[in-house]
2 protein chains.
Amino acid sequence: MTPEEFRKSGHEVVDWIADYLRDVGTLPVSPNVKPGALIDALPSSAPETGEPMDAILKDFRDLIVPGLTHWNHPRFLAYFAISASGPGILGEMLAAGLNVNQLLWKTSPAATELELVTLGWLRQWLGLPEEFFGIIHDTASTGTMHAILAAREAAAPGIRHSGEFPALTLYASEHAHSSVDKGALAVGTGLAHIRHVPSDAEFRMSPAALESLIQADVASAKKPFCIVATVGTTSAASVDPIRPIAEIAARYGLWLHVDAAYAGTAAILEEHRHILDGAHLADSLVVNPHKWLFAPVDISALYTRRPEVMRRAVALTDAPPYLLADGAHREVNLSEYSLALGRRFRSLKLWFVLRSFGRQGIAEVLRRHMDAAQTIAQEIAAHPDFEIAAPVLFSLVCFRYKGSDEDNRRLLEQVNASGEALLSSTVLNKQVVLRMAIGNIGTTMDEVRRVWALVVRLSRHAG
Amino acid sequence: MTPEEFRKSGHEVVDWIADYLRDVGTLPVSPNVKPGALIDALPSSAPETGEPMDAILKDFRDLIVPGLTHWNHPRFLAYFAISASGPGILGEMLAAGLNVNQLLWKTSPAATELELVTLGWLRQWLGLPEEFFGIIHDTASTGTMHAILAAREAAAPGIRHSGEFPALTLYASEHAHSSVDKGALAVGTGLAHIRHVPSDAEFRMSPAALESLIQADVASAKKPFCIVATVGTTSAASVDPIRPIAEIAARYGLWLHVDAAYAGTAAILEEHRHILDGAHLADSLVVNPHKWLFAPVDISALYTRRPEVMRRAVALTDAPPYLLADGAHREVNLSEYSLALGRRFRSLKLWFVLRSFGRQGIAEVLRRHMDAAQTIAQEIAAHPDFEIAAPVLFSLVCFRYKGSDEDNRRLLEQVNASGEALLSSTVLNKQVVLRMAIGNIGTTMDEVRRVWALVVRLSRHAG
């Protein structure tokens, strides 16, 4: 494909994306397709000779798009809703065109430095201390796994050489994300040594229960090494109390990792800054610009107060020569802090987003989402057939139909099968609960009301 | 940003990318910048209010681009040269616009199924057996780490629950990529238990040496668990003999992972198919479409003959219900096979590339690269001041100036400082060696000759 052919098709693609962003709200949120539908629609082998781009784009529109779930849809309220904002898409387009691989500083100085700059900017917005060193990973799962690996290195540095493991134990709330268990499993913490700490009535990790578990493990010759606190749990968006947990971590010498993948962004707002109270005491923290900061997937920011431990946990070489006296990292090889060597130019889209929105622009969207959540939560609470299932702290509303789990599951299926909206579910207090996650940049109060009206309408048949 | 504003800026961005792809050969390959130059040029904080896209794009052009190393440059011959081809960029643009997250089949059926389809197509091109199940990771480092984790699970399934480690030992050639050691370190293999197997005169792992090391470990109560063979080593692009290594793996019950990140693609050509001879016996294999298959970074394909072990190594839940009787995976949740939960729609760009080029189109570029490598290698070998340092099997030419290591290092610095070309270096037989890695889609024989002439010219000053 010549640059001129690229230009022609590129303009077509931009028009398609612009139309898509404009019209996505008119599409079914999720497709009504049977497993294997696309597999059966495509040839069983790749073509022997090249095909024209027009044919590929036609198949994209006719075969791929109808089989997608539209995460950019304003009535996508499942999981944690996300958005590829326009500025973020533009940044991603340019990153694809440049195709730099910033494995080392010298393999693209500006790419490495833009990562340092944008993560510094975000760190300021979140109110985290300057010594927090940031690095971009694909997802919070990967970032959390690296944090647990660093925790292992801090607690049992002998493993690095000998591979001989003490009985390491890890602590996370019973509502922590599954990636915590996955990451712990990967670095060698047996599932039997992962403690799911009980939470209180508002789904927050209980510091007292945490400390009891640690004490019991110490008493039975286990070696506690890591605590993961969550700011914005997946099920209920609850917030573990970081400060008392950090005090426990300090008392027992454990690494504290904070998973703020979704809700961390809310700390950009003064009135929500308190959710990260005590986070400056954490050893690491992860927050996802691709969740509630409108950058396209994937981009997750991992901060650590102890970069030298993070580095030792994954690097094969000796301490880096670029650590300057003032602690600033300027000529840094970011791949020395991660298992992946190759690194996309992910900071570019974040830079586009941060500049295009500005702090106030981001704050405005977050407040709109949270206001919509509060408003609809009041309407849900006021409805005789429904109840709110968890405090609404951010933009996630957990609620349930006052019926059986089966009623709620059926209601969810009907809502989602309608194509009008997409919700997800979870289990809180052993009951099936519906989740309405407001986070798409196009989601307005009107859209949320429309979904709520649909839920009410369909619930009448459920009873 | 409204869809219409996106449309306007999107067209500008496409024009910029098209111009860039057309003109990149006129830019310095790598920038002449001091560490921190971009950091100093950018504001120390993100803006309080949003900025116009024109200002952001202007800064992108004026501040970011001059600080980049241009991996898309036709005289970028360092590391393994790569390219974002036009079709690949188009696919990436659409993926950014759609922003689907294919964590589960149902969260975007067509995205999951396109991953199965494209990796199936690529598997056929490589001549791998149908039972090889493929999944996309960001990089080969990540894929290899997952393979080593699966190897751990296969050899010592008790770790999963208890976290109690036997003395696991891993084997890879002394020329294997550093990601093997990093991956082993992460999953709990101590560095003291990683064996770097000696290689022969052509930098290929010696099966006899491998077997001796395994026997010695068995005799001293170690537990060998994994062998990593490399097809296309980073230093010299040498090819470990997979078949005899696979026979040893079978004899001792070890997991065999094949790292074919760069050179695996060459197996698309009938005349190079033999490099994967025996790969059907491997337990896993990784190959990078973002290396020599012209997809933008990042996309790495990890295949495994034992997906159920790969799944058990990272999944927290029981065996999946979707494994159909005929072994076909249709409604598969790919995140159950990886530590990362979130998954970008990476297969889209691969689909664009495979269809737009076709097998013959890809084969043509690979042959052009390899022909250029052979031709220039002959010229280098014929020059009285230079010598070839490793057999030229693919598109990598390792050579050296017949002088000291310091002479070669100085020559490399001068070449790279010229901005005319970018080479890298390695150490073979304890000598510094220059690497000319031909892999950019725009690299022609003329460009390679121009680089070689520059090397010769600069070498005259070096003597």
# chains A, B, ... in the order shown; residues from 1 in each chain; ligands from 1
>>> residues_around(residues="region 275-291 of chain A", least_positions_apart="6", cutoff="9 Å", atoms="only C-alpha atoms", output="short mmCIF file (atom, residue, chain, number, x, y, z; two decimals) with C-alpha atoms, in the first residue's frame")
data_model
loop_
_atom_site.label_atom_id
_atom_site.label_comp_id
_atom_site.auth_asym_id
_atom_site.auth_seq_id
_atom_site.Cartn_x
_atom_site.Cartn_y
_atom_site.Cartn_z
CA PHE A 80 -16.95 -0.54 34.10
CA ALA A 81 -18.12 1.46 31.13
CA ILE A 82 -15.31 3.10 29.18
CA SER A 83 -14.87 5.42 26.22
CA ALA A 84 -12.47 6.06 23.41
CA LEU A 126 -4.44 12.58 41.87
CA GLY A 127 -2.55 14.33 44.67
CA LEU A 128 0.12 11.64 44.89
CA PRO A 129 3.61 12.58 46.09
CA PHE A 132 5.90 8.17 42.97
CA THR A 139 -3.89 -3.38 32.03
CA ALA A 140 -4.25 -3.13 35.79
CA GLY A 143 0.45 -3.69 36.83
CA THR A 144 -0.85 -5.46 39.91
CA ALA A 147 3.42 -4.90 42.20
CA ALA A 151 6.43 -7.21 47.05
CA VAL A 231 -10.29 1.97 45.72
CA VAL A 239 -13.28 1.96 48.97
CA ASP A 240 -10.98 0.17 51.37
CA PRO A 241 -9.66 2.52 54.09
CA ILE A 242 -6.10 3.01 52.90
CA ARG A 243 -4.68 4.86 55.89
CA PRO A 244 -5.36 2.27 58.61
CA ILE A 245 -4.39 -0.47 56.18
CA ALA A 246 -1.13 1.36 55.43
CA GLU A 247 -0.43 1.58 59.14
CA ALA A 249 1.40 -2.69 56.42
CA ALA A 250 4.06 -0.51 58.03
CA TRP A 255 4.17 -4.08 50.71
CA LEU A 256 0.95 -2.16 50.21
CA HIS A 257 -0.47 -2.04 46.71
CA VAL A 258 -3.55 0.05 45.95
CA ASP A 259 -5.79 -1.05 43.10
CA ALA A 260 -7.50 2.18 42.08
CA ALA A 261 -8.01 1.09 38.47
CA TYR A 262 -11.52 2.46 38.14
CA ALA A 263 -12.24 4.92 40.95
CA GLY A 264 -8.78 6.39 41.37
CA THR A 265 -9.60 8.95 38.71
CA ALA A 266 -12.29 10.40 40.97
CA ALA A 267 -9.50 11.79 43.14
CA VAL A 297 -7.73 0.63 25.72
CA ASP A 298 -5.13 -0.24 26.69
CA ILE A 299 -3.31 2.02 29.13
CA SER A 300 -2.86 1.46 32.83
CA ALA A 301 -0.58 3.56 35.05
CA LEU A 302 1.42 1.82 37.75
CA TYR A 303 3.03 4.11 40.32
CA THR A 304 5.55 3.03 42.89
CA ARG A 305 7.36 4.71 45.72
CA ARG A 306 10.08 2.07 45.48
CA LEU A 350 -3.04 10.09 27.26
CA GLY A 439 -18.70 5.79 32.59
#
>>> residues_around(residues="Ile248 (chain A)", least_positions_apart="6", cutoff="9 Å", atoms="only C-alpha atoms", output="PyMOL selection string")
chain A and resi 207+210-211+254
>>> write_last_selection(atoms="C-alpha atoms", output="compact mmCIF listing (two decimals), in the first residue's frame")
# COMPACT_ATOMS: atom_id res chain seq x y z
CA PRO A 207 -8.53 -3.39 59.09
CA LEU A 210 -6.82 -7.88 58.23
CA GLU A 211 -4.61 -7.59 61.27
CA LEU A 254 4.42 -5.56 54.20
>>> residues_around(residues="Tyr79 (chain A)", least_positions_apart="4", cutoff="9 Å", atoms="only C-alpha atoms", output="number ranges by chain")
A: 234-235, 423-425, 435-437
>>> select_by_dssp(residues="region 159-282 of chain B", states="alpha helix (DSSP H)", output="compact mmCIF listing (two decimals) with C-alpha atoms, in the first residue's frame")
# COMPACT_ATOMS: atom_id res chain seq x y z
CA ILE B 159 2.59 -25.00 43.48
CA ARG B 160 -0.79 -23.70 42.42
CA HIS B 161 -2.28 -24.54 45.78
CA SER B 162 0.59 -24.75 48.23
CA SER B 178 16.60 -11.98 28.05
CA SER B 179 12.82 -12.31 28.35
CA VAL B 180 13.29 -16.02 29.00
CA ASP B 181 15.29 -15.28 32.13
CA LYS B 182 12.85 -12.52 33.11
CA GLY B 183 9.86 -14.80 32.68
CA ALA B 184 11.50 -17.59 34.64
CA LEU B 185 12.44 -15.17 37.39
CA ALA B 186 8.87 -13.91 37.61
CA VAL B 187 7.26 -17.33 38.01
CA PRO B 207 21.36 -30.85 22.12
CA ALA B 208 24.19 -32.91 23.65
CA ALA B 209 25.09 -30.10 26.02
CA LEU B 210 21.43 -29.65 26.84
CA GLU B 211 21.01 -33.30 27.75
CA SER B 212 24.17 -33.27 29.89
CA LEU B 213 22.88 -30.33 31.86
CA ILE B 214 19.52 -31.99 32.39
CA GLN B 215 21.15 -35.22 33.53
CA ALA B 216 23.39 -33.38 35.96
CA ASP B 217 20.38 -31.56 37.42
CA VAL B 218 18.39 -34.76 37.75
CA ALA B 219 21.37 -36.39 39.47
CA ILE B 242 13.94 -28.04 17.42
CA ARG B 243 13.49 -31.73 16.59
CA PRO B 244 16.38 -33.18 18.64
CA ILE B 245 15.55 -30.73 21.42
CA ALA B 246 11.93 -31.85 21.33
CA GLU B 247 13.05 -35.45 21.60
CA ILE B 248 15.02 -34.59 24.72
CA ALA B 249 12.04 -32.69 26.13
CA ALA B 250 9.86 -35.75 25.54
CA ARG B 251 12.42 -38.10 27.07
CA TYR B 252 12.59 -36.13 30.33
>>> select_by_dssp(residues="region 146-322 of chain A", states="strand (DSSP E)", output="VMD selection string")
chain A and resid 168 to 173 194 to 197 223 to 230 255 to 259 284 to 287 300 to 304
>>> write_last_selection(atoms="C-alpha atoms", output="PDB file, in the first residue's frame")
ATOM      1  CA  LEU A 168       4.392 -16.085  51.542  1.00  0.00           C
ATOM      2  CA  THR A 169       0.899 -14.871  52.367  1.00  0.00           C
ATOM      3  CA  LEU A 170      -1.038 -12.112  50.616  1.00  0.00           C
ATOM      4  CA  TYR A 171      -4.084 -10.159  51.790  1.00  0.00           C
ATOM      5  CA  ALA A 172      -6.858  -8.536  49.782  1.00  0.00           C
ATOM      6  CA  SER A 173     -10.467  -7.807  50.446  1.00  0.00           C
ATOM      7  CA  ILE A 194      -4.128 -15.831  49.558  1.00  0.00           C
ATOM      8  CA  ARG A 195      -6.321 -14.370  52.306  1.00  0.00           C
ATOM      9  CA  HIS A 196      -9.630 -12.827  51.362  1.00  0.00           C
ATOM     10  CA  VAL A 197     -10.186 -10.360  54.167  1.00  0.00           C
ATOM     11  CA  LYS A 223       5.514 -14.944  55.991  1.00  0.00           C
ATOM     12  CA  PRO A 224       3.004 -12.168  55.207  1.00  0.00           C
ATOM     13  CA  PHE A 225       4.397 -10.077  52.330  1.00  0.00           C
ATOM     14  CA  CYS A 226       1.707  -8.060  50.563  1.00  0.00           C
ATOM     15  CA  ILE A 227      -1.607  -6.282  51.090  1.00  0.00           C
ATOM     16  CA  VAL A 228      -3.763  -5.130  48.206  1.00  0.00           C
ATOM     17  CA  ALA A 229      -6.304  -2.434  49.029  1.00  0.00           C
ATOM     18  CA  THR A 230      -8.945  -1.479  46.512  1.00  0.00           C
ATOM     19  CA  TRP A 255       4.174  -4.084  50.708  1.00  0.00           C
ATOM     20  CA  LEU A 256       0.949  -2.163  50.211  1.00  0.00           C
ATOM     21  CA  HIS A 257      -0.469  -2.041  46.707  1.00  0.00           C
ATOM     22  CA  VAL A 258      -3.546   0.054  45.948  1.00  0.00           C
ATOM     23  CA  ASP A 259      -5.789  -1.046  43.102  1.00  0.00           C
ATOM     24  CA  SER A 284       2.458   1.059  44.666  1.00  0.00           C
ATOM     25  CA  LEU A 285      -0.817   2.121  43.120  1.00  0.00           C
ATOM     26  CA  VAL A 286      -2.505   1.407  39.820  1.00  0.00           C
ATOM     27  CA  VAL A 287      -5.047   3.571  37.994  1.00  0.00           C
ATOM     28  CA  SER A 300      -2.857   1.457  32.830  1.00  0.00           C
ATOM     29  CA  ALA A 301      -0.584   3.560  35.046  1.00  0.00           C
ATOM     30  CA  LEU A 302       1.423   1.823  37.753  1.00  0.00           C
ATOM     31  CA  TYR A 303       3.034   4.108  40.317  1.00  0.00           C
ATOM     32  CA  THR A 304       5.554   3.029  42.889  1.00  0.00           C
TER      33      THR A 304
END
>>> residues_around(residues="Val24 (chain B)", least_positions_apart="4", cutoff="12 Å", atoms="only C-alpha atoms", output="PDB file with N, CA and C atoms, in the first residue's frame")
ATOM      1  N   PRO A   3       1.788   5.351   0.263  1.00  0.00           N
ATOM      2  CA  PRO A   3       1.270   6.410   1.142  1.00  0.00           C
ATOM      3  C   PRO A   3      -0.006   7.045   0.577  1.00  0.00           C
ATOM      4  N   GLY A  97       0.812   5.043  13.418  1.00  0.00           N
ATOM      5  CA  GLY A  97       1.579   5.477  12.256  1.00  0.00           C
ATOM      6  C   GLY A  97       3.071   5.551  12.559  1.00  0.00           C
ATOM      7  N   LEU A  98       3.413   6.053  13.730  1.00  0.00           N
ATOM      8  CA  LEU A  98       4.823   6.191  14.111  1.00  0.00           C
ATOM      9  C   LEU A  98       5.455   4.833  14.388  1.00  0.00           C
TER      10      LEU A  98
ATOM     11  N   TRP B  16      -1.282  13.728   7.829  1.00  0.00           N
ATOM     12  CA  TRP B  16       0.047  13.771   8.432  1.00  0.00           C
ATOM     13  C   TRP B  16       0.717  12.403   8.358  1.00  0.00           C
ATOM     14  N   ILE B  17      -0.042  11.347   8.683  1.00  0.00           N
ATOM     15  CA  ILE B  17       0.541   9.995   8.648  1.00  0.00           C
ATOM     16  C   ILE B  17       0.960   9.638   7.221  1.00  0.00           C
ATOM     17  N   ALA B  18       0.110   9.971   6.246  1.00  0.00           N
ATOM     18  CA  ALA B  18       0.448   9.654   4.843  1.00  0.00           C
ATOM     19  C   ALA B  18       1.721  10.392   4.427  1.00  0.00           C
ATOM     20  N   ASP B  19       1.807  11.665   4.785  1.00  0.00           N
ATOM     21  CA  ASP B  19       3.023  12.427   4.477  1.00  0.00           C
ATOM     22  C   ASP B  19       4.236  11.808   5.179  1.00  0.00           C
ATOM     23  N   TYR B  20       4.005  11.412   6.422  1.00  0.00           N
ATOM     24  CA  TYR B  20       5.094  10.819   7.210  1.00  0.00           C
ATOM     25  C   TYR B  20       5.588   9.525   6.567  1.00  0.00           C
ATOM     26  N   PRO B  28      16.243  12.329   9.937  1.00  0.00           N
ATOM     27  CA  PRO B  28      17.291  11.577  10.641  1.00  0.00           C
ATOM     28  C   PRO B  28      16.653  10.336  11.264  1.00  0.00           C
ATOM     29  N   VAL B  29      17.322   9.202  11.178  1.00  0.00           N
ATOM     30  CA  VAL B  29      16.713   7.977  11.723  1.00  0.00           C
ATOM     31  C   VAL B  29      16.517   8.110  13.223  1.00  0.00           C
ATOM     32  N   SER B  30      17.529   8.653  13.884  1.00  0.00           N
ATOM     33  CA  SER B  30      17.378   8.854  15.327  1.00  0.00           C
ATOM     34  C   SER B  30      17.760  10.292  15.652  1.00  0.00           C
ATOM     35  N   VAL B  65       7.780  14.764  17.522  1.00  0.00           N
ATOM     36  CA  VAL B  65       8.358  14.060  16.371  1.00  0.00           C
ATOM     37  C   VAL B  65       9.875  14.244  16.270  1.00  0.00           C
ATOM     38  N   PRO B  66      10.410  15.464  16.494  1.00  0.00           N
ATOM     39  CA  PRO B  66      11.870  15.609  16.396  1.00  0.00           C
ATOM     40  C   PRO B  66      12.636  14.836  17.469  1.00  0.00           C
ATOM     41  N   LEU B  68      11.905  11.667  18.287  1.00  0.00           N
ATOM     42  CA  LEU B  68      11.647  10.235  18.120  1.00  0.00           C
ATOM     43  C   LEU B  68      12.739   9.556  17.308  1.00  0.00           C
ATOM     44  N   THR B  69      12.917   8.275  17.586  1.00  0.00           N
ATOM     45  CA  THR B  69      13.680   7.415  16.699  1.00  0.00           C
ATOM     46  C   THR B  69      12.656   6.832  15.723  1.00  0.00           C
ATOM     47  N   HIS B  70      12.967   6.886  14.429  1.00  0.00           N
ATOM     48  CA  HIS B  70      11.946   6.519  13.444  1.00  0.00           C
ATOM     49  C   HIS B  70      12.055   5.059  13.018  1.00  0.00           C
ATOM     50  N   TRP B  71      11.309   4.258  13.754  1.00  0.00           N
ATOM     51  CA  TRP B  71      11.283   2.820  13.460  1.00  0.00           C
ATOM     52  C   TRP B  71      10.727   2.554  12.065  1.00  0.00           C
ATOM     53  N   ASN B  72       9.959   3.471  11.533  1.00  0.00           N
ATOM     54  CA  ASN B  72       9.402   3.286  10.185  1.00  0.00           C
ATOM     55  C   ASN B  72      10.359   3.759   9.094  1.00  0.00           C
ATOM     56  N   HIS B  73      11.557   4.137   9.469  1.00  0.00           N
ATOM     57  CA  HIS B  73      12.535   4.642   8.502  1.00  0.00           C
ATOM     58  C   HIS B  73      13.158   3.469   7.731  1.00  0.00           C
ATOM     59  N   PRO B  74      13.283   3.598   6.415  1.00  0.00           N
ATOM     60  CA  PRO B  74      13.847   2.469   5.631  1.00  0.00           C
ATOM     61  C   PRO B  74      15.312   2.183   5.928  1.00  0.00           C
ATOM     62  N   ARG B  75      16.007   3.109   6.618  1.00  0.00           N
ATOM     63  CA  ARG B  75      17.394   2.808   6.993  1.00  0.00           C
ATOM     64  C   ARG B  75      17.509   2.565   8.505  1.00  0.00           C
ATOM     65  N   PHE B  76      16.389   2.270   9.131  1.00  0.00           N
ATOM     66  CA  PHE B  76      16.398   1.752  10.505  1.00  0.00           C
ATOM     67  C   PHE B  76      16.726   0.269  10.384  1.00  0.00           C
ATOM     68  N   SER B  83       7.832  -2.701  10.872  1.00  0.00           N
ATOM     69  CA  SER B  83       7.079  -1.700  10.112  1.00  0.00           C
ATOM     70  C   SER B  83       5.624  -1.701  10.511  1.00  0.00           C
ATOM     71  N   GLU B 420      21.902   9.076   9.347  1.00  0.00           N
ATOM     72  CA  GLU B 420      21.653   8.466   8.033  1.00  0.00           C
ATOM     73  C   GLU B 420      21.110   7.044   8.153  1.00  0.00           C
ATOM     74  N   ASN B 440      12.348  -3.556   7.682  1.00  0.00           N
ATOM     75  CA  ASN B 440      11.368  -2.510   7.409  1.00  0.00           C
ATOM     76  C   ASN B 440      10.844  -2.677   5.995  1.00  0.00           C
ATOM     77  N   GLY B 442       9.937  -0.680   3.879  1.00  0.00           N
ATOM     78  CA  GLY B 442      10.418   0.268   2.877  1.00  0.00           C
ATOM     79  C   GLY B 442      11.882   0.073   2.515  1.00  0.00           C
ATOM     80  N   THR B 443      12.528  -0.886   3.189  1.00  0.00           N
ATOM     81  CA  THR B 443      13.959  -1.062   2.966  1.00  0.00           C
ATOM     82  C   THR B 443      14.220  -1.805   1.653  1.00  0.00           C
TER      83      THR B 443
END
>>> closest_residue(among="B:Leu293, B:Leu396, B:Ala381, B:Leu422", to="chain A", atoms="only C-alpha atoms")
B:Leu422
>>> residues_around(residues="Asp371 (chain A)", least_positions_apart="6", cutoff="12 Å", atoms="only C-alpha atoms", output="list of chain:residue names")
A:Ala363, A:Glu364, A:Val365, A:Ala377, A:Gln378, A:Val392, A:Leu393, A:Phe394, A:Ser395, A:Leu396, A:Val397, A:Ile438, A:Gly439, A:Thr443, A:Thr444, A:Met445, A:Val448
>>> residues_around(residues="Gly342 (chain B)", least_positions_apart="5", cutoff="7 Å", atoms="only C-alpha atoms", output="PDB file with C-alpha atoms, in the first residue's frame")
ATOM      1  CA  THR A 139      -3.895  -3.375  32.030  1.00  0.00           C
TER       2      THR A 139
ATOM      3  CA  ASN B 101     -12.586  -4.916  25.314  1.00  0.00           C
ATOM      4  CA  GLN B 102     -12.797  -8.589  24.486  1.00  0.00           C
ATOM      5  CA  LEU B 103     -12.270  -9.900  27.990  1.00  0.00           C
TER       6      LEU B 103
END
>>> closest_residue(among="A:Trp351, A:Tyr337, A:Phe6, A:Phe345", to="chain B", atoms="only C-alpha atoms")
A:Phe6
>>> atom_distance(atom1="CA of Ile135 (chain A)", atom2="CA of Ser338 (chain A)")
8.6 Å
>>> closest_residue(among="B:Ser335, B:Thr233, B:Gln431, B:Ser238", to="chain A", atoms="only C-alpha atoms")
B:Ser335
>>> closest_residue(among="A:Thr317, A:Asn416, A:Thr49, A:Thr26", to="chain B", atoms="only C-alpha atoms")
A:Thr49
>>> atom_distance(atom1="CA of Ser45 (chain A)", atom2="CA of Ala96 (chain B)")
26.1 Å
>>> closest_residue(among="B:Val427, B:Ala201, B:Val353, B:Ile136", to="chain A", atoms="only C-alpha atoms")
B:Val353
>>> closest_residue(among="B:Leu269, B:Leu119, B:Ala95, B:Val100", to="chain A", atoms="only C-alpha atoms")
B:Val100
